[in-house]
Amino acid sequence: MPKVKTKSSAKKRFSLTGTGKIKRKHAFKSHILTKKSTKRKHNLTKAGLVHTSDEGRVRDMLKI
């Protein structure tokens, strides 16, 4: 039986916290930044957590 492989795209996008939650980055931070307020851009820089309803799917992709 071959090894179970992690999805390489998920490996690049998600990481685990010390408590086992899944960290993610915010969207809408790559281009068309002139019309977005400084406060909004600053808040998009901070990492977010994956919602509990999506956590199972992400864990499946990461093979955790």
# chains A, B, ... in the order shown; residues from 1 in each chain; ligands from 1
>>> residues_around(residues="range 6-10 of chain A", least_positions_apart="2", cutoff="10 Å", atoms="only C-alpha atoms", output="PyMOL selection string")
chain A and resi 3-4+12-15+58-64
>>> residues_around(residues="range 22-38 of chain A", least_positions_apart="6", cutoff="8 Å", atoms="only C-alpha atoms", output="VMD selection string")
chain A and resid 13 to 16 44 to 50 55
>>> write_last_selection(atoms="N, CA and C atoms", output="compact mmCIF listing (two decimals), in the first residue's frame")
# COMPACT_ATOMS: atom_id res chain seq x y z
N ARG A 13 -0.89 26.51 1.99
CA ARG A 13 -1.88 27.50 2.43
C ARG A 13 -2.23 27.46 3.91
N PHE A 14 -2.05 26.31 4.55
CA PHE A 14 -2.49 26.15 5.93
C PHE A 14 -1.35 25.72 6.84
N SER A 15 -1.44 26.11 8.12
CA SER A 15 -0.49 25.61 9.11
C SER A 15 -1.22 25.41 10.43
N LEU A 16 -0.63 24.62 11.30
CA LEU A 16 -1.26 24.30 12.58
C LEU A 16 -0.76 25.23 13.68
N LEU A 44 -6.35 42.58 7.12
CA LEU A 44 -6.21 41.43 6.22
C LEU A 44 -4.83 40.78 6.33
N THR A 45 -3.86 41.52 6.87
CA THR A 45 -2.50 40.98 7.04
C THR A 45 -2.47 39.92 8.12
N LYS A 46 -3.29 40.09 9.15
CA LYS A 46 -3.30 39.16 10.28
C LYS A 46 -3.84 37.80 9.86
N ALA A 47 -3.32 36.75 10.47
CA ALA A 47 -3.77 35.39 10.15
C ALA A 47 -5.14 35.15 10.76
N GLY A 48 -5.92 34.31 10.10
CA GLY A 48 -7.22 33.92 10.61
C GLY A 48 -7.23 32.43 10.88
N LEU A 49 -8.33 31.94 11.41
CA LEU A 49 -8.48 30.51 11.66
C LEU A 49 -9.53 29.94 10.73
N VAL A 50 -9.35 28.70 10.36
CA VAL A 50 -10.32 28.01 9.52
C VAL A 50 -11.56 27.73 10.36
N GLU A 55 -13.13 22.74 8.83
CA GLU A 55 -11.92 22.15 9.39
C GLU A 55 -11.71 20.70 8.98
>>> decode(residues="range 47-60 of chain A", atoms="all heavy atoms", output="compact mmCIF listing (two decimals), in the first residue's frame")
# COMPACT_ATOMS: atom_id res chain seq x y z
N ALA A 47 -3.32 36.75 10.47
CA ALA A 47 -3.77 35.39 10.15
C ALA A 47 -5.14 35.15 10.76
O ALA A 47 -5.49 35.70 11.80
CB ALA A 47 -2.78 34.37 10.69
N GLY A 48 -5.92 34.31 10.10
CA GLY A 48 -7.22 33.92 10.61
C GLY A 48 -7.23 32.43 10.88
O GLY A 48 -6.25 31.73 10.60
N LEU A 49 -8.33 31.94 11.41
CA LEU A 49 -8.48 30.51 11.66
C LEU A 49 -9.53 29.94 10.73
O LEU A 49 -10.49 30.62 10.36
CB LEU A 49 -8.89 30.26 13.12
CG LEU A 49 -7.88 30.64 14.18
CD1 LEU A 49 -8.50 30.48 15.56
CD2 LEU A 49 -6.63 29.80 14.08
N VAL A 50 -9.35 28.70 10.36
CA VAL A 50 -10.32 28.01 9.52
C VAL A 50 -11.56 27.73 10.36
O VAL A 50 -11.46 27.34 11.52
CB VAL A 50 -9.72 26.68 8.99
CG1 VAL A 50 -10.75 25.85 8.29
CG2 VAL A 50 -8.56 26.97 8.07
N HIS A 51 -12.74 27.97 9.80
CA HIS A 51 -14.00 27.77 10.51
C HIS A 51 -14.19 26.29 10.82
O HIS A 51 -13.73 25.42 10.06
CB HIS A 51 -15.17 28.29 9.67
CG HIS A 51 -16.43 28.43 10.44
ND1 HIS A 51 -17.35 27.41 10.51
CD2 HIS A 51 -16.91 29.44 11.20
CE1 HIS A 51 -18.36 27.80 11.27
NE2 HIS A 51 -18.11 29.04 11.69
N THR A 52 -14.87 26.02 11.92
CA THR A 52 -15.06 24.64 12.37
C THR A 52 -15.79 23.78 11.33
O THR A 52 -15.52 22.59 11.22
CB THR A 52 -15.84 24.59 13.70
OG1 THR A 52 -16.99 25.42 13.60
CG2 THR A 52 -14.97 25.05 14.84
N SER A 53 -16.69 24.38 10.55
CA SER A 53 -17.42 23.62 9.54
C SER A 53 -16.52 23.20 8.37
O SER A 53 -16.80 22.22 7.69
CB SER A 53 -18.61 24.42 9.02
OG SER A 53 -18.17 25.62 8.45
N ASP A 54 -15.43 23.93 8.13
CA ASP A 54 -14.50 23.61 7.04
C ASP A 54 -13.29 22.82 7.52
O ASP A 54 -12.52 22.30 6.71
CB ASP A 54 -14.01 24.89 6.37
CG ASP A 54 -15.14 25.69 5.77
OD1 ASP A 54 -16.05 25.07 5.18
OD2 ASP A 54 -15.12 26.93 5.89
N GLU A 55 -13.13 22.74 8.83
CA GLU A 55 -11.92 22.15 9.39
C GLU A 55 -11.71 20.70 8.98
O GLU A 55 -10.60 20.28 8.68
CB GLU A 55 -11.95 22.25 10.92
CG GLU A 55 -10.58 22.43 11.52
CD GLU A 55 -10.63 22.75 12.99
OE1 GLU A 55 -11.01 23.88 13.35
OE2 GLU A 55 -10.28 21.86 13.77
N GLY A 56 -12.79 19.94 8.91
CA GLY A 56 -12.70 18.53 8.53
C GLY A 56 -12.14 18.34 7.14
O GLY A 56 -11.27 17.50 6.89
N ARG A 57 -12.62 19.15 6.20
CA ARG A 57 -12.15 19.07 4.82
C ARG A 57 -10.67 19.42 4.70
O ARG A 57 -9.92 18.78 3.97
CB ARG A 57 -12.97 20.01 3.93
CG ARG A 57 -13.98 19.26 3.10
CD ARG A 57 -14.86 20.20 2.36
NE ARG A 57 -15.73 20.87 3.33
CZ ARG A 57 -16.40 21.99 3.11
NH1 ARG A 57 -16.29 22.59 1.95
NH2 ARG A 57 -17.18 22.51 4.02
N VAL A 58 -10.26 20.47 5.44
CA VAL A 58 -8.87 20.89 5.41
C VAL A 58 -7.98 19.82 6.04
O VAL A 58 -6.91 19.51 5.52
CB VAL A 58 -8.68 22.26 6.12
CG1 VAL A 58 -7.22 22.65 6.17
CG2 VAL A 58 -9.47 23.34 5.40
N ARG A 59 -8.42 19.25 7.14
CA ARG A 59 -7.66 18.17 7.79
C ARG A 59 -7.51 16.96 6.85
O ARG A 59 -6.49 16.30 6.83
CB ARG A 59 -8.33 17.73 9.09
CG ARG A 59 -8.08 18.68 10.22
CD ARG A 59 -8.63 18.18 11.53
NE ARG A 59 -8.52 19.20 12.54
CZ ARG A 59 -7.38 19.45 13.23
NH1 ARG A 59 -6.30 18.74 13.00
NH2 ARG A 59 -7.34 20.41 14.13
N ASP A 60 -8.54 16.72 6.05
CA ASP A 60 -8.49 15.65 5.06
C ASP A 60 -7.42 15.92 4.01
O ASP A 60 -6.68 15.02 3.62
CB ASP A 60 -9.85 15.54 4.36
CG ASP A 60 -10.48 14.19 4.53
OD1 ASP A 60 -10.08 13.47 5.46
OD2 ASP A 60 -11.36 13.87 3.71
